[in-house]
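**Student:** Structure in structure tokens, see below.
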Amino acid sequence: MNKTIFEITKMDCPSEENLIRMKLDGISSIANLDFDILNRKLIVFHSGEIDQIEKSVLELNLGGKKISTEQTDQTEFKENKIQKKLLWSVLAINFAFFIVEMTTGIISKSMGLVGDSLDMLADSFVYGISLFAVGGTLTKKKRIAKLAGYFQITLAIIGFVEVLRRFFRDEKLPDFSTMIIVSIFALVANGICLYILQKSKSKEEAHMKASMIFTSNDVIINLGVIIAGILVNYWSSNKPDLIIGTIVFVLVIQGAFRILKLGN
């Protein structure tokens with residue numbers, strides 16, 4: 001048995017972990033995957049050569065880099081009995097906040113909240129693919145990934161069009177208080193999701209720490225919407241909301257392309 005350590009510089013939250021798991025699924029030489037999101041490390045226990053595994057990791061464009069490969073005597077690995085239950089929990093939280101943020105974003109006329117809702121939906125897709133494709137064929141998993149990716153891109157493009165329409169027309173200012181309050185709740189929800197998944201790891205350093213939360217793209221987006229809400233009120237302009245909305249739509253499309261890579 002060999003043990004290869006990868007550094008994954010863009011592995012900020014559990015959704016990236018699931019992307020990697022799905023990408024490597026089906027490679028028969030892999031015996032176990034051990035993720036350390038805090039330190040952005042992936043440990044792969046495998047037999048034979050590392051070439052196919054390394055190629056798959058690099059294809060996700062998450063900043064993957066092989067650190068080392070060495071032999072190991074470890075052949076038994078603890079199965080996480082509650083992993084599926086945890087995935088259902090974070091899927092429910094992400095999808096619920098997709099509905100909440102989409103609804104309040106439309107009512108408050110905030111593209112930042114609408115964009116963040118799509119980011120929540122993107123994470124839901126990743127967790128959903130992990131759950132619904134369990135035990136299914138690789139072809140089925142690829143088909144689901146492609147549908148999710150294209151649907152996500154379509155929603156983001158619609159968002160871009162709406163941003164452009166609002167940019168060139170006089171629109172009512174977004175409700176800054178709704179932007180701030182809802183984003184604070186979304187911030188808490190993201191922290192809970194991160195905690196739920198990380199507490200299952202049998203390592204002390206994997207428990208909830210502030211440094212873990214604030215490296216998450218999801219949390220950075222939440223903070224961005226909060227700041228945009230403050231600036232909307234301060235400048236009496238909808239431009240900060242449109243700017244953060246555009247940034248989030250770009251991130252959503254990038255995430256969609258990562259999902260599409262799973263379908264190749």
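A note on labels: chains of the structure tokens are A, B, ... as shown, every chain counts residues from 1, and ligands are counted from 1 in their shown order.
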Neighbouring residues of A:Ala228 were defined as those with any atom within 7 Å, considering only C-alpha atoms; residues of the same chain fewer than 6 positions away were excluded. Please report them as a ChimeraX atom specification.
**Tutor:** /A:240-241,244
**Student:** With only C-alpha atoms as the counted atoms, please give the residues lying no more than 8 Å from A:Thr4, apart from itself and same-chain residues fewer than 6 positions off, as a ChimeraX atom specification.
**Tutor:** /A:43-46,50,66-70
**Student:** Do you have, as a tab-separated table, the list of residues of stretch 155-181 of chain A lying at most 8 Å from stretch 96-120 of chain A, each with its nearest atom pair and that distance in Å to one decimal, counting only C-alpha atoms and ordered by chain then number?
**Tutor:**
residue	atom	partner	partner_atom	distance
A:Leu155	CA	A:Leu118	CA	7.7
A:Ala156	CA	A:Leu118	CA	7.6
A:Gly159	CA	A:Gly115	CA	7.3
A:Val163	CA	A:Met111	CA	7.1
A:Lys172	CA	A:Lys109	CA	7.7
A:Leu173	CA	A:Lys109	CA	7.4
A:Pro174	CA	A:Lys109	CA	4.9
A:Asp175	CA	A:Ser108	CA	5.0
A:Thr178	CA	A:Ser108	CA	6.7
A:Met179	CA	A:Leu113	CA	6.6
**Student:** From the set A:Asp218, A:Glu171, A:Glu7, A:Asp25, which residue has the shortest atom-to-atom contact distance to A:Val188, counting only C-alpha atoms?
**Tutor:** A:Asp218
**Student:** Go through A:Trp88, A:Phe6, A:Tyr195, A:Phe176 one by one, measure the shortest atom-to-atom distance of each to A:Ile227 using only C-alpha atoms, and give the residue with the smallest value.
**Tutor:** A:Phe176
**Student:** Write out as a list in words each polymer residue whose atoms come within 10 Å of A:Ile247, counting only C-alpha atoms; drop sequence neighbours fewer than 4 positions from it.
**Tutor:**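 Neighbouring residues, sequence-local ones excluded: Gly112, Gly115, Asp116, Phe160, Ile221, Gly224, Leu242, Ile243, Leu251 and Val252 of chain A.
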**Student:** Between A:Asn217, A:Asn190, A:Thr246, A:Ser47, which residue has the minimum interatomic distance to A:Thr72, considering only C-alpha atoms?
**Tutor:**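 Distance minimum relative to A:Thr72 lands on A:Ser47.
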**Student:** Stretch 5-253 of chain A: which residues are helix (DSSP H, G or I) by DSSP, as a ChimeraX atom specification?
**Tutor:** /A:14-24,51-59,83-108,111-132,138-167,176-198,204-206,210-213,217-235,239-253
**Student:** With C-alpha atoms kept, could you save the residues just selected as a short mmCIF file (atom, residue, chain, number, x, y, z; two decimals), in the first residue's frame?
**Tutor:**
data_model
loop_
_atom_site.label_atom_id
_atom_site.label_comp_id
_atom_site.auth_asym_id
_atom_site.auth_seq_id
_atom_site.Cartn_x
_atom_site.Cartn_y
_atom_site.Cartn_z
CA PRO A 14 -16.69 20.42 2.26
CA SER A 15 -18.20 20.97 -1.20
CA GLU A 16 -14.70 20.83 -2.72
CA GLU A 17 -14.07 17.64 -0.74
CA ASN A 18 -17.12 16.06 -2.34
CA LEU A 19 -16.06 17.23 -5.81
CA ILE A 20 -12.72 15.47 -5.32
CA ARG A 21 -14.38 12.32 -3.96
CA MET A 22 -16.66 12.15 -7.00
CA LYS A 23 -13.80 12.79 -9.41
CA LEU A 24 -11.72 9.97 -7.92
CA ASP A 51 -0.34 8.81 -12.31
CA GLN A 52 -4.09 8.38 -12.95
CA ILE A 53 -4.99 9.71 -9.51
CA GLU A 54 -2.72 12.75 -9.89
CA LYS A 55 -4.13 13.49 -13.35
CA SER A 56 -7.70 13.40 -11.99
CA VAL A 57 -6.84 15.73 -9.09
CA LEU A 58 -5.16 18.25 -11.41
CA GLU A 59 -8.11 18.23 -13.84
CA GLN A 83 -21.30 10.38 6.58
CA LYS A 84 -24.52 9.95 4.58
CA LYS A 85 -26.60 11.40 7.41
CA LEU A 86 -24.26 14.39 7.62
CA LEU A 87 -24.50 14.96 3.87
CA TRP A 88 -28.30 14.97 4.12
CA SER A 89 -28.07 17.57 6.91
CA VAL A 90 -25.88 19.99 4.97
CA LEU A 91 -27.90 19.41 1.79
CA ALA A 92 -31.08 20.38 3.67
CA ILE A 93 -29.47 23.50 5.17
CA ASN A 94 -28.02 24.67 1.84
CA PHE A 95 -31.23 24.06 -0.10
CA ALA A 96 -33.36 25.76 2.58
CA PHE A 97 -31.16 28.86 2.42
CA PHE A 98 -31.25 28.78 -1.38
CA ILE A 99 -35.03 29.20 -1.11
CA VAL A 100 -34.78 31.82 1.66
CA GLU A 101 -32.15 33.93 -0.11
CA MET A 102 -33.76 33.64 -3.53
CA THR A 103 -37.14 34.69 -2.10
CA THR A 104 -35.82 37.57 0.00
CA GLY A 105 -33.45 38.61 -2.81
CA ILE A 106 -36.34 38.99 -5.24
CA ILE A 107 -38.56 40.78 -2.70
CA SER A 108 -35.77 43.14 -1.54
CA MET A 111 -28.87 40.73 -6.74
CA GLY A 112 -26.29 39.98 -4.06
CA LEU A 113 -28.78 37.78 -2.20
CA VAL A 114 -29.98 36.20 -5.44
CA GLY A 115 -26.38 35.40 -6.39
CA ASP A 116 -25.60 33.97 -2.96
CA SER A 117 -28.73 31.82 -3.19
CA LEU A 118 -27.32 30.29 -6.39
CA ASP A 119 -24.04 29.62 -4.57
CA MET A 120 -26.05 27.76 -1.91
CA LEU A 121 -27.81 25.85 -4.70
CA ALA A 122 -24.43 24.95 -6.22
CA ASP A 123 -23.31 23.41 -2.92
CA SER A 124 -26.65 21.56 -2.76
CA PHE A 125 -25.94 20.10 -6.20
CA VAL A 126 -22.56 18.80 -5.04
CA TYR A 127 -23.98 17.16 -1.91
CA GLY A 128 -26.98 15.87 -3.88
CA ILE A 129 -24.81 14.24 -6.54
CA SER A 130 -22.78 12.59 -3.78
CA LEU A 131 -25.94 11.16 -2.21
CA PHE A 132 -28.13 10.22 -5.15
CA LEU A 138 -20.31 6.03 -13.21
CA THR A 139 -22.37 6.89 -16.30
CA LYS A 140 -25.33 7.84 -14.11
CA LYS A 141 -23.15 10.05 -11.94
CA LYS A 142 -21.67 11.81 -14.98
CA ARG A 143 -25.13 12.43 -16.42
CA ILE A 144 -26.36 13.98 -13.16
CA ALA A 145 -23.23 16.14 -12.93
CA LYS A 146 -23.72 17.48 -16.45
CA LEU A 147 -27.37 18.34 -15.85
CA ALA A 148 -26.52 20.13 -12.59
CA GLY A 149 -23.65 22.04 -14.18
CA TYR A 150 -25.64 23.27 -17.19
CA PHE A 151 -28.61 24.23 -15.00
CA GLN A 152 -26.31 26.22 -12.74
CA ILE A 153 -24.72 28.05 -15.70
CA THR A 154 -28.18 28.88 -17.09
CA LEU A 155 -29.29 30.44 -13.80
CA ALA A 156 -26.05 32.45 -13.53
CA ILE A 157 -26.45 33.80 -17.08
CA ILE A 158 -30.02 34.89 -16.29
CA GLY A 159 -28.58 36.65 -13.23
CA PHE A 160 -25.97 38.45 -15.37
CA VAL A 161 -28.68 39.68 -17.74
CA GLU A 162 -30.70 41.03 -14.80
CA VAL A 163 -27.61 42.79 -13.39
CA LEU A 164 -27.03 44.52 -16.74
CA ARG A 165 -30.69 45.56 -16.95
CA ARG A 166 -30.57 47.10 -13.48
CA PHE A 167 -27.21 48.76 -14.13
CA PHE A 176 -30.12 47.04 2.72
CA SER A 177 -31.44 45.81 6.08
CA THR A 178 -32.79 42.61 4.48
CA MET A 179 -29.45 42.08 2.71
CA ILE A 180 -27.54 42.36 5.97
CA ILE A 181 -29.88 40.32 8.19
CA VAL A 182 -30.36 37.44 5.73
CA SER A 183 -26.61 37.30 4.98
CA ILE A 184 -25.81 37.10 8.69
CA PHE A 185 -28.15 34.08 8.98
CA ALA A 186 -26.54 32.55 5.87
CA LEU A 187 -23.13 33.13 7.45
CA VAL A 188 -24.24 31.19 10.52
CA ALA A 189 -25.71 28.43 8.31
CA ASN A 190 -22.42 28.03 6.45
CA GLY A 191 -20.58 27.81 9.75
CA ILE A 192 -22.99 25.12 10.94
CA CYS A 193 -22.52 23.11 7.73
CA LEU A 194 -18.76 23.29 8.09
CA TYR A 195 -18.98 22.22 11.72
CA ILE A 196 -21.36 19.33 11.02
CA LEU A 197 -19.03 17.81 8.43
CA GLN A 198 -15.78 18.53 10.22
CA GLU A 204 -8.74 17.42 17.19
CA GLU A 205 -7.61 20.10 14.74
CA ALA A 206 -10.65 19.45 12.55
CA ALA A 210 -12.34 30.59 13.21
CA SER A 211 -9.47 30.09 10.78
CA MET A 212 -11.46 27.32 9.08
CA ILE A 213 -14.63 29.36 8.72
CA ASN A 217 -15.52 31.04 -0.17
CA ASP A 218 -19.12 30.77 0.98
CA VAL A 219 -18.43 32.79 4.10
CA ILE A 220 -16.43 35.39 2.15
CA ILE A 221 -19.45 35.81 -0.15
CA ASN A 222 -21.75 36.28 2.85
CA LEU A 223 -19.45 38.97 4.22
CA GLY A 224 -19.36 40.60 0.79
CA VAL A 225 -23.16 40.88 0.67
CA ILE A 226 -23.19 42.34 4.19
CA ILE A 227 -20.63 44.98 3.19
CA ALA A 228 -22.58 45.68 -0.02
CA GLY A 229 -25.73 46.26 2.09
CA ILE A 230 -23.89 48.75 4.26
CA LEU A 231 -22.57 50.59 1.16
CA VAL A 232 -26.02 50.63 -0.48
CA ASN A 233 -27.32 52.49 2.56
CA TYR A 234 -24.28 54.75 2.88
CA TRP A 235 -24.05 55.78 -0.79
CA LYS A 239 -24.10 49.67 -7.54
CA PRO A 240 -22.47 47.84 -4.57
CA ASP A 241 -25.25 45.24 -4.71
CA LEU A 242 -24.84 44.81 -8.47
CA ILE A 243 -21.06 44.47 -8.13
CA ILE A 244 -21.24 41.77 -5.43
CA GLY A 245 -23.97 40.03 -7.43
CA THR A 246 -21.73 39.94 -10.50
CA ILE A 247 -18.80 38.56 -8.49
CA VAL A 248 -20.97 35.79 -7.04
CA PHE A 249 -22.37 34.86 -10.47
CA VAL A 250 -18.79 34.48 -11.74
CA LEU A 251 -17.97 32.18 -8.81
CA VAL A 252 -21.15 30.17 -9.47
CA ILE A 253 -20.16 29.66 -13.11
#
**Student:** Between atom CA of A:Ile8 and atom CA of A:Ser29, what is the distance in Å, rounded to a tenth?
**Tutor:**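 Separation between atom CA of A:Ile8 and atom CA of A:Ser29: 20.5 Å.
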**Student:** Could you pull out all residues of stretch 34-244 of chain A with a DSSP call of strand (DSSP E or B) and give them as a list in words?
**Tutor:**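 The residues of stretch 34-244 of chain A classed as strand (DSSP E or B) are Asp34, Phe35, Asp36, Lys41, Leu42, Ile43, Val44, Phe45, His46, Gly64, Lys65, Lys66, Ile67, Ser68, Thr69, Glu70 and Gln71 of chain A.
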**Student:** Those same residues - N, CA, C and O atoms - I'd like them written as a short mmCIF file (atom, residue, chain, number, x, y, z; two decimals), in the first residue's frame.
**Tutor:**
data_model
loop_
_atom_site.label_atom_id
_atom_site.label_comp_id
_atom_site.auth_asym_id
_atom_site.auth_seq_id
_atom_site.Cartn_x
_atom_site.Cartn_y
_atom_site.Cartn_z
N ASP A 34 -8.38 10.51 2.74
CA ASP A 34 -8.42 11.20 4.04
C ASP A 34 -8.23 12.69 3.79
O ASP A 34 -7.18 13.12 3.30
N PHE A 35 -9.25 13.50 4.13
CA PHE A 35 -9.22 14.94 3.86
C PHE A 35 -8.93 15.74 5.12
O PHE A 35 -9.49 15.46 6.18
N ASP A 36 -8.08 16.74 4.98
CA ASP A 36 -7.80 17.69 6.05
C ASP A 36 -8.04 19.08 5.47
O ASP A 36 -7.14 19.72 4.93
N LYS A 41 -5.09 19.57 2.79
CA LYS A 41 -4.33 18.38 2.42
C LYS A 41 -5.27 17.22 2.09
O LYS A 41 -6.32 17.06 2.69
N LEU A 42 -4.87 16.40 1.13
CA LEU A 42 -5.57 15.17 0.79
C LEU A 42 -4.56 14.03 0.85
O LEU A 42 -3.52 14.10 0.22
N ILE A 43 -4.88 12.99 1.63
CA ILE A 43 -4.03 11.81 1.72
C ILE A 43 -4.74 10.67 1.01
O ILE A 43 -5.87 10.32 1.36
N VAL A 44 -4.08 10.11 0.01
CA VAL A 44 -4.65 9.03 -0.77
C VAL A 44 -3.89 7.74 -0.46
O VAL A 44 -2.67 7.68 -0.63
N PHE A 45 -4.61 6.73 -0.01
CA PHE A 45 -4.02 5.40 0.20
C PHE A 45 -4.37 4.58 -1.04
O PHE A 45 -5.55 4.42 -1.38
N HIS A 46 -3.36 4.07 -1.70
CA HIS A 46 -3.60 3.41 -2.99
C HIS A 46 -2.55 2.32 -3.24
O HIS A 46 -1.48 2.29 -2.64
N GLY A 64 -4.29 21.60 -7.06
CA GLY A 64 -3.72 20.37 -6.54
C GLY A 64 -2.26 20.19 -6.90
O GLY A 64 -1.85 20.49 -8.01
N LYS A 65 -1.48 19.72 -5.93
CA LYS A 65 -0.05 19.48 -6.15
C LYS A 65 0.40 18.31 -5.30
O LYS A 65 0.13 18.27 -4.09
N LYS A 66 1.08 17.33 -5.92
CA LYS A 66 1.56 16.18 -5.16
C LYS A 66 2.74 16.59 -4.30
O LYS A 66 3.70 17.20 -4.78
N ILE A 67 2.66 16.25 -3.01
CA ILE A 67 3.72 16.59 -2.06
C ILE A 67 4.69 15.43 -1.88
O ILE A 67 5.92 15.60 -1.95
N SER A 68 4.15 14.23 -1.68
CA SER A 68 5.03 13.08 -1.44
C SER A 68 4.28 11.77 -1.64
O SER A 68 3.05 11.72 -1.59
N THR A 69 5.05 10.72 -1.89
CA THR A 69 4.50 9.35 -1.96
C THR A 69 5.44 8.43 -1.19
O THR A 69 6.65 8.49 -1.36
N GLU A 70 4.86 7.62 -0.32
CA GLU A 70 5.67 6.69 0.46
C GLU A 70 4.88 5.42 0.73
O GLU A 70 3.64 5.40 0.62
N GLN A 71 5.57 4.34 1.06
CA GLN A 71 4.91 3.09 1.39
C GLN A 71 4.37 3.14 2.80
O GLN A 71 4.91 3.84 3.67
#
